[in-house]
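Asker: Contents of input02.cif (mmCIF, C-alpha atoms) are below:
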```
data_coords
#
loop_
_atom_site.label_atom_id
_atom_site.label_comp_id
_atom_site.auth_asym_id
_atom_site.auth_seq_id
_atom_site.Cartn_x
_atom_site.Cartn_y
_atom_site.Cartn_z
CA MET A 1 0.00 0.00 0.00
CA GLU A 2 2.83 2.40 0.90
CA GLN A 3 4.54 1.78 -2.44
CA ALA A 4 1.28 2.25 -4.34
CA ILE A 5 0.62 5.62 -2.68
CA HIS A 6 4.20 6.68 -3.36
CA LEU A 7 3.74 5.73 -7.01
CA ILE A 8 0.52 7.75 -7.23
CA PHE A 9 2.24 10.81 -5.80
CA LEU A 10 5.13 10.35 -8.22
CA LEU A 11 2.77 10.10 -11.19
CA CYS A 12 0.93 13.25 -10.12
CA GLY A 13 4.22 15.12 -9.94
CA ILE A 14 5.29 13.82 -13.35
CA VAL A 15 1.94 14.86 -14.86
CA ALA A 16 2.29 18.38 -13.46
CA VAL A 17 5.82 18.74 -14.83
CA GLY A 18 4.73 17.20 -18.12
CA PHE A 19 1.97 19.79 -18.58
CA VAL A 20 4.46 22.61 -18.06
CA LEU A 21 6.90 21.07 -20.52
CA CYS A 22 4.19 20.51 -23.14
CA ILE A 23 2.98 24.10 -22.86
CA SER A 24 6.55 25.39 -23.07
CA VAL A 25 7.40 23.30 -26.14
CA TYR A 26 4.14 24.22 -27.88
CA LEU A 27 4.64 27.95 -27.31
CA VAL A 28 8.24 27.79 -28.54
CA ILE A 29 7.30 25.85 -31.68
CA SER A 30 4.33 28.12 -32.44
CA GLY A 31 5.96 31.41 -31.53
CA LEU A 32 9.44 31.24 -33.01
CA PRO A 33 8.46 31.26 -36.72
CA ALA A 34 6.86 34.71 -36.46
CA ILE A 35 9.80 36.09 -34.49
CA ARG A 36 12.23 34.80 -37.12
CA GLU A 37 10.21 36.32 -39.95
CA ILE A 38 9.51 39.67 -38.29
CA GLY A 39 12.85 40.00 -36.54
CA LEU A 40 13.42 39.85 -32.80
CA THR A 41 14.31 43.54 -32.48
CA LYS A 42 11.35 44.76 -34.53
CA PHE A 43 9.00 42.44 -32.68
CA LEU A 44 10.08 43.29 -29.12
CA PHE A 45 10.96 46.97 -29.58
CA GLY A 46 8.61 48.06 -32.34
CA LYS A 47 6.13 50.69 -31.20
CA VAL A 48 3.40 50.08 -33.77
CA TRP A 49 1.00 47.13 -33.80
CA ALA A 50 -0.92 47.17 -37.08
CA PRO A 51 -1.14 43.60 -38.39
CA THR A 52 -3.89 44.39 -40.93
CA ASN A 53 -2.47 47.64 -42.33
CA ALA A 54 -2.69 47.37 -46.10
CA THR A 55 -1.23 50.81 -46.83
CA THR A 56 2.22 50.62 -45.29
CA GLY A 57 2.25 46.89 -44.68
CA PRO A 58 1.68 44.91 -41.49
CA GLN A 59 3.64 45.95 -38.43
CA PHE A 60 4.08 43.72 -35.40
CA GLY A 61 5.73 45.77 -32.65
CA ILE A 62 4.69 44.71 -29.16
CA LEU A 63 6.68 47.18 -27.05
CA PRO A 64 3.44 49.00 -26.04
CA PHE A 65 1.98 45.69 -24.85
CA ILE A 66 5.09 44.79 -22.85
CA LEU A 67 5.39 48.18 -21.16
CA THR A 68 1.67 48.29 -20.41
CA SER A 69 1.79 44.84 -18.79
CA VAL A 70 4.84 45.84 -16.75
CA TYR A 71 3.34 49.14 -15.59
CA GLY A 72 -0.06 47.64 -14.89
CA THR A 73 1.35 44.72 -12.90
CA ALA A 74 3.77 46.94 -10.99
CA GLY A 75 1.01 49.42 -10.15
CA ALA A 76 -1.34 46.69 -8.96
CA LEU A 77 1.35 45.16 -6.75
CA LEU A 78 2.43 48.56 -5.44
CA LEU A 79 -1.11 49.13 -4.20
CA GLY A 80 -2.16 45.55 -3.46
CA VAL A 81 0.86 44.09 -1.63
CA PRO A 82 0.87 46.55 1.31
CA VAL A 83 -2.89 46.29 1.73
CA GLY A 84 -2.81 42.49 1.43
CA LEU A 85 0.08 42.07 3.87
CA MET A 86 -1.45 44.40 6.44
CA THR A 87 -4.74 42.52 6.19
CA ALA A 88 -2.97 39.16 6.51
CA ILE A 89 -1.05 40.32 9.59
CA PHE A 90 -4.24 41.63 11.14
CA LEU A 91 -6.13 38.39 10.48
CA ALA A 92 -3.32 36.10 11.61
CA LYS A 93 -2.16 37.98 14.69
CA ALA A 94 -4.39 40.79 15.92
CA ALA A 95 -8.00 40.37 14.83
CA PRO A 96 -10.68 39.12 17.26
CA PRO A 97 -11.96 35.70 16.14
CA ARG A 98 -15.44 36.89 15.11
CA LEU A 99 -14.13 39.85 13.12
CA ALA A 100 -11.46 37.67 11.52
CA ALA A 101 -14.13 35.18 10.43
CA VAL A 102 -16.15 37.95 8.78
CA ILE A 103 -13.12 39.35 6.94
CA ARG A 104 -12.00 35.89 5.79
CA THR A 105 -15.48 35.26 4.38
CA ALA A 106 -15.32 38.54 2.47
CA VAL A 107 -11.87 37.66 1.11
CA GLN A 108 -13.12 34.24 -0.01
CA LEU A 109 -16.03 35.89 -1.77
CA LEU A 110 -13.61 38.21 -3.57
CA ALA A 111 -11.60 35.18 -4.69
CA GLY A 112 -14.74 33.45 -6.01
CA ILE A 113 -16.08 36.34 -8.09
CA PRO A 114 -15.51 35.72 -11.84
CA SER A 115 -13.14 38.14 -13.54
CA VAL A 116 -15.82 39.22 -15.98
CA VAL A 117 -17.85 40.54 -13.03
CA TYR A 118 -14.89 42.65 -11.92
CA GLY A 119 -14.64 43.99 -15.44
CA LEU A 120 -18.37 44.71 -15.62
CA VAL A 121 -18.37 46.60 -12.32
CA GLY A 122 -15.26 48.48 -13.36
CA MET A 123 -16.79 49.41 -16.71
CA ILE A 124 -20.07 50.61 -15.17
CA VAL A 125 -18.75 52.28 -11.98
CA LEU A 126 -15.01 52.89 -12.11
CA VAL A 127 -14.53 54.03 -15.71
CA PRO A 128 -17.21 56.78 -15.54
CA ALA A 129 -15.89 57.89 -12.15
CA ILE A 130 -12.36 58.31 -13.53
CA ARG A 131 -13.70 60.16 -16.57
CA ARG A 132 -15.60 62.65 -14.38
CA ALA A 133 -12.87 63.02 -11.76
CA PHE A 134 -10.07 63.85 -14.21
CA GLY A 135 -12.10 65.42 -17.02
CA LEU A 136 -11.14 62.80 -19.59
CA GLY A 137 -12.83 61.94 -22.84
CA SER A 138 -12.82 58.27 -21.81
CA GLY A 139 -12.21 56.75 -18.40
CA ALA A 140 -11.06 53.45 -19.91
CA CYS A 141 -7.35 53.78 -19.23
CA LEU A 142 -4.34 52.27 -17.49
CA LEU A 143 -5.41 53.71 -14.13
CA ALA A 144 -8.72 51.86 -14.27
CA ALA A 145 -6.91 48.63 -15.13
CA ILE A 146 -4.48 49.08 -12.22
CA LEU A 147 -7.32 49.64 -9.74
CA VAL A 148 -9.24 46.60 -10.96
CA LEU A 149 -6.12 44.43 -10.84
CA THR A 150 -5.38 45.65 -7.32
CA VAL A 151 -8.72 44.34 -6.08
CA MET A 152 -8.26 41.08 -7.97
CA VAL A 153 -4.83 40.26 -6.51
CA LEU A 154 -5.86 40.90 -2.89
CA PRO A 155 -7.44 37.47 -2.19
CA SER A 156 -4.35 35.56 -3.37
CA ILE A 157 -1.98 37.72 -1.35
CA ILE A 158 -4.10 37.72 1.80
CA ASN A 159 -4.83 33.98 1.89
CA VAL A 160 -1.28 32.77 1.25
CA ALA A 161 0.39 35.39 3.46
CA GLU A 162 -1.99 34.68 6.34
CA THR A 163 -1.27 30.94 6.12
CA ALA A 164 2.47 31.65 6.17
CA LEU A 165 2.16 33.96 9.18
CA GLN A 166 0.09 31.42 11.13
CA ALA A 167 2.82 28.82 10.54
CA VAL A 168 5.45 30.92 12.34
CA PRO A 169 6.31 29.18 15.67
CA ARG A 170 4.78 30.92 18.64
CA GLU A 171 8.11 30.65 20.48
CA TYR A 172 9.65 33.27 18.15
CA GLU A 173 7.04 35.82 19.10
CA GLU A 174 7.15 34.95 22.80
CA ALA A 175 10.92 35.42 22.83
CA SER A 176 10.57 38.80 21.15
CA LEU A 177 7.95 39.93 23.63
CA ALA A 178 10.07 38.68 26.53
CA LEU A 179 12.96 40.86 25.31
CA GLY A 180 10.77 43.93 25.57
CA ALA A 181 9.48 44.34 22.00
CA THR A 182 5.91 45.50 21.49
CA GLU A 183 3.38 43.36 19.66
CA THR A 184 3.59 45.58 16.56
CA GLU A 185 7.39 45.36 16.53
CA THR A 186 7.14 41.60 16.93
CA TYR A 187 4.76 41.25 14.01
CA PHE A 188 6.92 43.28 11.63
CA ARG A 189 10.42 42.38 12.85
CA VAL A 190 9.95 38.73 13.80
CA SER A 191 6.80 37.16 12.35
CA LEU A 192 6.96 38.76 8.91
CA PRO A 193 10.67 37.93 8.28
CA ALA A 194 10.11 34.37 9.52
CA ALA A 195 7.26 33.97 7.01
CA ARG A 196 9.31 35.44 4.17
CA SER A 197 9.02 32.43 1.88
CA GLY A 198 5.23 32.29 2.18
CA VAL A 199 4.91 36.03 1.67
CA ALA A 200 7.08 35.78 -1.45
CA ALA A 201 4.83 32.98 -2.72
CA ALA A 202 1.85 35.26 -2.15
CA VAL A 203 3.52 38.00 -4.20
CA VAL A 204 4.30 35.52 -6.98
CA LEU A 205 0.65 34.45 -7.09
CA GLY A 206 -0.37 38.10 -7.20
CA VAL A 207 2.00 38.73 -10.10
CA GLY A 208 0.61 35.73 -11.96
CA ARG A 209 -2.97 36.86 -11.40
CA ALA A 210 -2.24 40.43 -12.45
CA ILE A 211 -0.17 39.77 -15.54
CA GLY A 212 -2.33 36.87 -16.71
CA GLU A 213 -5.71 38.59 -16.38
CA ALA A 214 -7.47 39.41 -19.63
CA MET A 215 -11.26 39.52 -19.49
CA ALA A 216 -11.61 42.18 -16.79
CA ILE A 217 -8.81 44.29 -18.28
CA ILE A 218 -10.18 44.34 -21.80
CA MET A 219 -13.38 45.89 -20.41
CA VAL A 220 -11.74 48.77 -18.51
CA ALA A 221 -8.42 49.54 -20.25
CA GLY A 222 -9.74 50.71 -23.61
CA ASN A 223 -7.96 47.98 -25.63
CA VAL A 224 -5.99 50.38 -27.86
CA ALA A 225 -2.36 49.64 -28.80
CA ASN A 226 -0.91 52.89 -27.42
CA MET A 227 2.29 53.49 -25.52
CA PRO A 228 1.32 53.35 -21.84
CA GLY A 229 0.13 56.43 -20.00
CA LEU A 230 -1.82 56.60 -16.77
CA PHE A 231 -4.85 58.20 -18.46
CA THR A 232 -4.37 56.60 -21.89
CA SER A 233 -6.34 53.71 -23.35
CA VAL A 234 -3.96 50.78 -23.51
CA ARG A 235 -3.71 47.12 -24.41
CA PHE A 236 -1.99 44.43 -22.34
CA LEU A 237 -0.19 41.33 -23.66
CA THR A 238 -3.15 39.14 -22.70
CA THR A 239 -5.77 41.42 -24.23
CA GLY A 240 -3.66 41.71 -27.37
CA ILE A 241 -3.95 37.95 -27.83
CA ILE A 242 -7.68 37.89 -27.15
CA SER A 243 -8.58 40.83 -29.37
CA GLY A 244 -6.62 39.51 -32.33
CA MET A 245 -7.18 35.76 -32.25
CA SER A 246 -10.68 35.90 -33.72
CA ASP A 247 -9.53 38.03 -36.67
CA ALA A 248 -6.33 36.18 -37.54
CA ALA A 249 -6.47 33.67 -40.36
CA VAL A 250 -5.31 30.17 -39.51
CA GLY A 251 -1.63 29.74 -40.33
CA SER A 252 -1.10 33.43 -41.14
CA LEU A 253 1.75 35.56 -39.87
CA TYR A 254 -0.79 37.43 -37.75
CA GLN A 255 -1.79 34.27 -35.89
CA GLN A 256 1.83 33.23 -35.47
CA ALA A 257 2.61 36.67 -34.02
CA LEU A 258 -0.15 36.17 -31.47
CA PHE A 259 1.47 32.89 -30.42
CA SER A 260 4.74 34.80 -30.15
CA ILE A 261 3.05 37.23 -27.74
CA GLY A 262 2.01 34.23 -25.66
CA LEU A 263 5.61 33.02 -25.67
CA VAL A 264 6.85 36.42 -24.48
CA LEU A 265 4.21 36.46 -21.73
CA PHE A 266 5.19 32.97 -20.61
CA LEU A 267 8.89 33.82 -20.50
CA PHE A 268 8.12 37.03 -18.64
CA ILE A 269 6.27 35.18 -15.89
CA MET A 270 9.03 32.57 -15.67
CA LEU A 271 11.66 35.32 -15.34
CA ILE A 272 9.75 36.97 -12.48
CA ASN A 273 9.47 33.65 -10.63
CA VAL A 274 13.18 32.93 -11.05
CA LEU A 275 14.18 36.39 -9.83
CA LEU A 276 11.97 36.16 -6.75
CA ASN A 277 13.27 32.69 -5.90
CA VAL A 278 16.87 33.88 -6.25
CA CYS A 279 16.19 36.85 -3.99
CA ILE A 280 14.58 34.59 -1.36
CA LYS A 281 17.49 32.15 -1.50
CA ARG A 282 20.07 34.91 -1.06
CA LYS A 283 18.11 36.38 1.84
CA LYS A 284 18.01 33.01 3.58
CA GLU A 285 21.75 32.56 3.11
CA ASP A 286 22.39 36.01 4.57
#
```
When written as structure tokens, how does the structure in this file appear?
Answerer:
Amino acid sequence: MEQAIHLIFLLCGIVAVGFVLCISVYLVISGLPAIREIGLTKFLFGKVWAPTNATTGPQFGILPFILTSVYGTAGALLLGVPVGLMTAIFLAKAAPPRLAAVIRTAVQLLAGIPSVVYGLVGMIVLVPAIRRAFGLGSGACLLAAILVLTVMVLPSIINVAETALQAVPREYEEASLALGATETETYFRVSLPAARSGVAAAVVLGVGRAIGEAMAIIMVAGNVANMPGLFTSVRFLTTGIISGMSDAAVGSLYQQALFSIGLVLFLFIMLINVLLNVCIKRKKED
């Protein structure tokens, strides 16, 4: 029985790794032909995305998509990580049990809401509010996308960070309090550093949710291939794939370029994960 269970666990791990390898190989095979034909420099650093332009010829520059995804993800994390961490610390260490139960229920509800609902609420409420507040012609802009992404990444950050904080041994905190530290100092100087790996995992999940979101963003960002500006209608890497896939002919350079965007997005997420893991490893060694 023990060997059978071990074999089942091994097979599950192999299946998980196999899925990642299959996705990676498929994206590389589908995305490289367009990059070779367009040119890596023109594809990554071109500022114009006009795949159906019959006057000057198709142009496949995705620099606006890359910068928009970077700015949007960074903005969402800049707003969402502090709020999520503070909420997780409050739930794990300071909140009364009844209040903590209410807040956890609300966080779980946020996690269960479909992304299209976030986009619908943002399009009906947030976009008009931004248009009126800043006197814009259209409130569908990068700012609206950042605010929507901030709300969407909160459940992932809060749940994982709270679990990591609850796993910190109580003896660490008791020793800190015995040395004269206040509870607040203990939470931020002892508990949070001890839960560093879990907090980093929460940030990674937040990055994945933010950079991989498409449906909500396409409804509030304007979906225009402009260079990013806070009050400019923009298009992310994910929304670029969605908006173009239905118009691209099968086997055309346009469709291959969309697969190339998926390859860039995949590599971008992998790079972020590697960098965060390296930073965590160095911090542990220090």
Asker: Can you list, as a list in words, every protein, DNA or RNA residue that comes within 8 Å of segment 25-28 of chain A when you count only C-alpha atoms, leaving out same-chain residues fewer than 6 positions away?
Answerer: Phe259, Ser260, Gly262 and Leu263 of chain A
Asker: Return as number ranges by chain the set of residues that the PyMOL selection byres ((chain A and resi 90-107) around 12) yields on the displayed structure.
Answerer: A: 83-89, 108-113, 151-168, 170, 173, 183-184, 186-188, 191-192, 195
Asker: Any chance you could export the current selection's C-alpha atoms as a compact mmCIF listing (two decimals), keeping the file's coordinate frame?
Answerer:
```txt
# COMPACT_ATOMS: atom_id res chain seq x y z
CA VAL A 83 -2.89 46.29 1.73
CA GLY A 84 -2.81 42.49 1.43
CA LEU A 85 0.08 42.07 3.87
CA MET A 86 -1.45 44.40 6.44
CA THR A 87 -4.74 42.52 6.19
CA ALA A 88 -2.97 39.16 6.51
CA ILE A 89 -1.05 40.32 9.59
CA GLN A 108 -13.12 34.24 -0.01
CA LEU A 109 -16.03 35.89 -1.77
CA LEU A 110 -13.61 38.21 -3.57
CA ALA A 111 -11.60 35.18 -4.69
CA GLY A 112 -14.74 33.45 -6.01
CA ILE A 113 -16.08 36.34 -8.09
CA VAL A 151 -8.72 44.34 -6.08
CA MET A 152 -8.26 41.08 -7.97
CA VAL A 153 -4.83 40.26 -6.51
CA LEU A 154 -5.86 40.90 -2.89
CA PRO A 155 -7.44 37.47 -2.19
CA SER A 156 -4.35 35.56 -3.37
CA ILE A 157 -1.98 37.72 -1.35
CA ILE A 158 -4.10 37.72 1.80
CA ASN A 159 -4.83 33.98 1.89
CA VAL A 160 -1.28 32.77 1.25
CA ALA A 161 0.39 35.39 3.46
CA GLU A 162 -1.99 34.68 6.34
CA THR A 163 -1.27 30.94 6.12
CA ALA A 164 2.47 31.65 6.17
CA LEU A 165 2.16 33.96 9.18
CA GLN A 166 0.09 31.42 11.13
CA ALA A 167 2.82 28.82 10.54
CA VAL A 168 5.45 30.92 12.34
CA ARG A 170 4.78 30.92 18.64
CA GLU A 173 7.04 35.82 19.10
CA GLU A 183 3.38 43.36 19.66
CA THR A 184 3.59 45.58 16.56
CA THR A 186 7.14 41.60 16.93
CA TYR A 187 4.76 41.25 14.01
CA PHE A 188 6.92 43.28 11.63
CA SER A 191 6.80 37.16 12.35
CA LEU A 192 6.96 38.76 8.91
CA ALA A 195 7.26 33.97 7.01
```
Asker: Calculate how many Å separate atom CA of Ala129 of chain A from atom CA of Ala216 of chain A, rounding to one decimal.
Answerer: 16.9 Å
Asker: Can you measure atom CA of Ser176 of chain A to atom CA of Leu276 of chain A for me? One decimal in Å is fine.
Answerer: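 If I compute the distance from atom CA of Ser176 of chain A to atom CA of Leu276 of chain A, I get 28.1 Å.
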Asker: Please expand the PyMOL selection byres ((chain A and resi 116-128) around 10) into the concrete residues it hits in this file, giving the result as a ChimeraX atom specification.
Answerer: /A:110,113-115,129-133,136-141,143-145,147-149,151-152,214-222
Asker: So which residues get picked by the PyMOL selection byres ((chain A and resi 233) around 8) here, written as a ChimeraX atom specification?
Answerer: /A:140-142,221-226,228-229,231-232,234-235
Asker: Can you work out the spacing between atom CA of Pro193 of chain A and atom CA of Leu177 of chain A in Å, to one decimal?
Answerer: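 So the answer is 15.7 Å.
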Asker: Give the centre and edge lengths of an axis-aligned box, in Å to one decimal, that holds all listed atoms of segment 191-202 of chain A with 4 Å on each side, as AutoDock Vina command-line options.
Answerer:
```
--center_x 6.3 --center_y 35.5 --center_z 4.8 --size_x 16.8 --size_y 14.5 --size_z 23.1
```
Asker: Sorted by chain and rising residue number, which residues of segment 65-137 of chain A lie within 12 Å of segment 45-50 of chain A, and what are their closest atom pairs and distances in Å to one decimal, counting only C-alpha atoms, as CSV?
Answerer:
```
residue,atom,partner,partner_atom,distance
A:Phe65,CA,A:Lys47,CA,9.1
A:Ile66,CA,A:Phe45,CA,9.2
A:Leu67,CA,A:Phe45,CA,10.2
A:Thr68,CA,A:Lys47,CA,11.9
```
Asker: Using all atoms listed in the file, which residue out of A:Val278, A:Leu205, A:Ile146, A:Ala178 lies closest to Gly72 of chain A?
Answerer: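 Looking only at the distances to Gly72 of chain A, the closest residue turns out to be A:Ile146.
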Asker: At a cut-off of 12 Å, using only C-alpha atoms, what residues contact Gly31 of chain A? Leave out same-chain residues fewer than 4 positions from it and give the result as a ChimeraX atom specification.
Answerer: /A:23-27,35-38,40,43,251,253-267
Asker: Using all atoms listed in the file, find the one residue out of A:Val15, A:Val203, A:Leu21, A:Leu237 that sits nearest to Leu44 of chain A.
Answerer: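 Ranked by minimum distance to Leu44 of chain A, first place goes to A:Leu237.
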Asker: For C-alpha atoms, please extract segment 5-100 of chain A from the block and return it as a compact mmCIF listing (two decimals), in the first residue's frame.
Answerer:
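Full text of selection.txt as output:
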```
# COMPACT_ATOMS: atom_id res chain seq x y z
CA ILE A 5 0.62 5.62 -2.68
CA HIS A 6 4.20 6.68 -3.36
CA LEU A 7 3.74 5.73 -7.01
CA ILE A 8 0.52 7.75 -7.23
CA PHE A 9 2.24 10.81 -5.80
CA LEU A 10 5.13 10.35 -8.22
CA LEU A 11 2.77 10.10 -11.19
CA CYS A 12 0.93 13.25 -10.12
CA GLY A 13 4.22 15.12 -9.94
CA ILE A 14 5.29 13.82 -13.35
CA VAL A 15 1.94 14.86 -14.86
CA ALA A 16 2.29 18.38 -13.46
CA VAL A 17 5.82 18.74 -14.83
CA GLY A 18 4.73 17.20 -18.12
CA PHE A 19 1.97 19.79 -18.58
CA VAL A 20 4.46 22.61 -18.06
CA LEU A 21 6.90 21.07 -20.52
CA CYS A 22 4.19 20.51 -23.14
CA ILE A 23 2.98 24.10 -22.86
CA SER A 24 6.55 25.39 -23.07
CA VAL A 25 7.40 23.30 -26.14
CA TYR A 26 4.14 24.22 -27.88
CA LEU A 27 4.64 27.95 -27.31
CA VAL A 28 8.24 27.79 -28.54
CA ILE A 29 7.30 25.85 -31.68
CA SER A 30 4.33 28.12 -32.44
CA GLY A 31 5.96 31.41 -31.53
CA LEU A 32 9.44 31.24 -33.01
CA PRO A 33 8.46 31.26 -36.72
CA ALA A 34 6.86 34.71 -36.46
CA ILE A 35 9.80 36.09 -34.49
CA ARG A 36 12.23 34.80 -37.12
CA GLU A 37 10.21 36.32 -39.95
CA ILE A 38 9.51 39.67 -38.29
CA GLY A 39 12.85 40.00 -36.54
CA LEU A 40 13.42 39.85 -32.80
CA THR A 41 14.31 43.54 -32.48
CA LYS A 42 11.35 44.76 -34.53
CA PHE A 43 9.00 42.44 -32.68
CA LEU A 44 10.08 43.29 -29.12
CA PHE A 45 10.96 46.97 -29.58
CA GLY A 46 8.61 48.06 -32.34
CA LYS A 47 6.13 50.69 -31.20
CA VAL A 48 3.40 50.08 -33.77
CA TRP A 49 1.00 47.13 -33.80
CA ALA A 50 -0.92 47.17 -37.08
CA PRO A 51 -1.14 43.60 -38.39
CA THR A 52 -3.89 44.39 -40.93
CA ASN A 53 -2.47 47.64 -42.33
CA ALA A 54 -2.69 47.37 -46.10
CA THR A 55 -1.23 50.81 -46.83
CA THR A 56 2.22 50.62 -45.29
CA GLY A 57 2.25 46.89 -44.68
CA PRO A 58 1.68 44.91 -41.49
CA GLN A 59 3.64 45.95 -38.43
CA PHE A 60 4.08 43.72 -35.40
CA GLY A 61 5.73 45.77 -32.65
CA ILE A 62 4.69 44.71 -29.16
CA LEU A 63 6.68 47.18 -27.05
CA PRO A 64 3.44 49.00 -26.04
CA PHE A 65 1.98 45.69 -24.85
CA ILE A 66 5.09 44.79 -22.85
CA LEU A 67 5.39 48.18 -21.16
CA THR A 68 1.67 48.29 -20.41
CA SER A 69 1.79 44.84 -18.79
CA VAL A 70 4.84 45.84 -16.75
CA TYR A 71 3.34 49.14 -15.59
CA GLY A 72 -0.06 47.64 -14.89
CA THR A 73 1.35 44.72 -12.90
CA ALA A 74 3.77 46.94 -10.99
CA GLY A 75 1.01 49.42 -10.15
CA ALA A 76 -1.34 46.69 -8.96
CA LEU A 77 1.35 45.16 -6.75
CA LEU A 78 2.43 48.56 -5.44
CA LEU A 79 -1.11 49.13 -4.20
CA GLY A 80 -2.16 45.55 -3.46
CA VAL A 81 0.86 44.09 -1.63
CA PRO A 82 0.87 46.55 1.31
CA VAL A 83 -2.89 46.29 1.73
CA GLY A 84 -2.81 42.49 1.43
CA LEU A 85 0.08 42.07 3.87
CA MET A 86 -1.45 44.40 6.44
CA THR A 87 -4.74 42.52 6.19
CA ALA A 88 -2.97 39.16 6.51
CA ILE A 89 -1.05 40.32 9.59
CA PHE A 90 -4.24 41.63 11.14
CA LEU A 91 -6.13 38.39 10.48
CA ALA A 92 -3.32 36.10 11.61
CA LYS A 93 -2.16 37.98 14.69
CA ALA A 94 -4.39 40.79 15.92
CA ALA A 95 -8.00 40.37 14.83
CA PRO A 96 -10.68 39.12 17.26
CA PRO A 97 -11.96 35.70 16.14
CA ARG A 98 -15.44 36.89 15.11
CA LEU A 99 -14.13 39.85 13.12
CA ALA A 100 -11.46 37.67 11.52
```
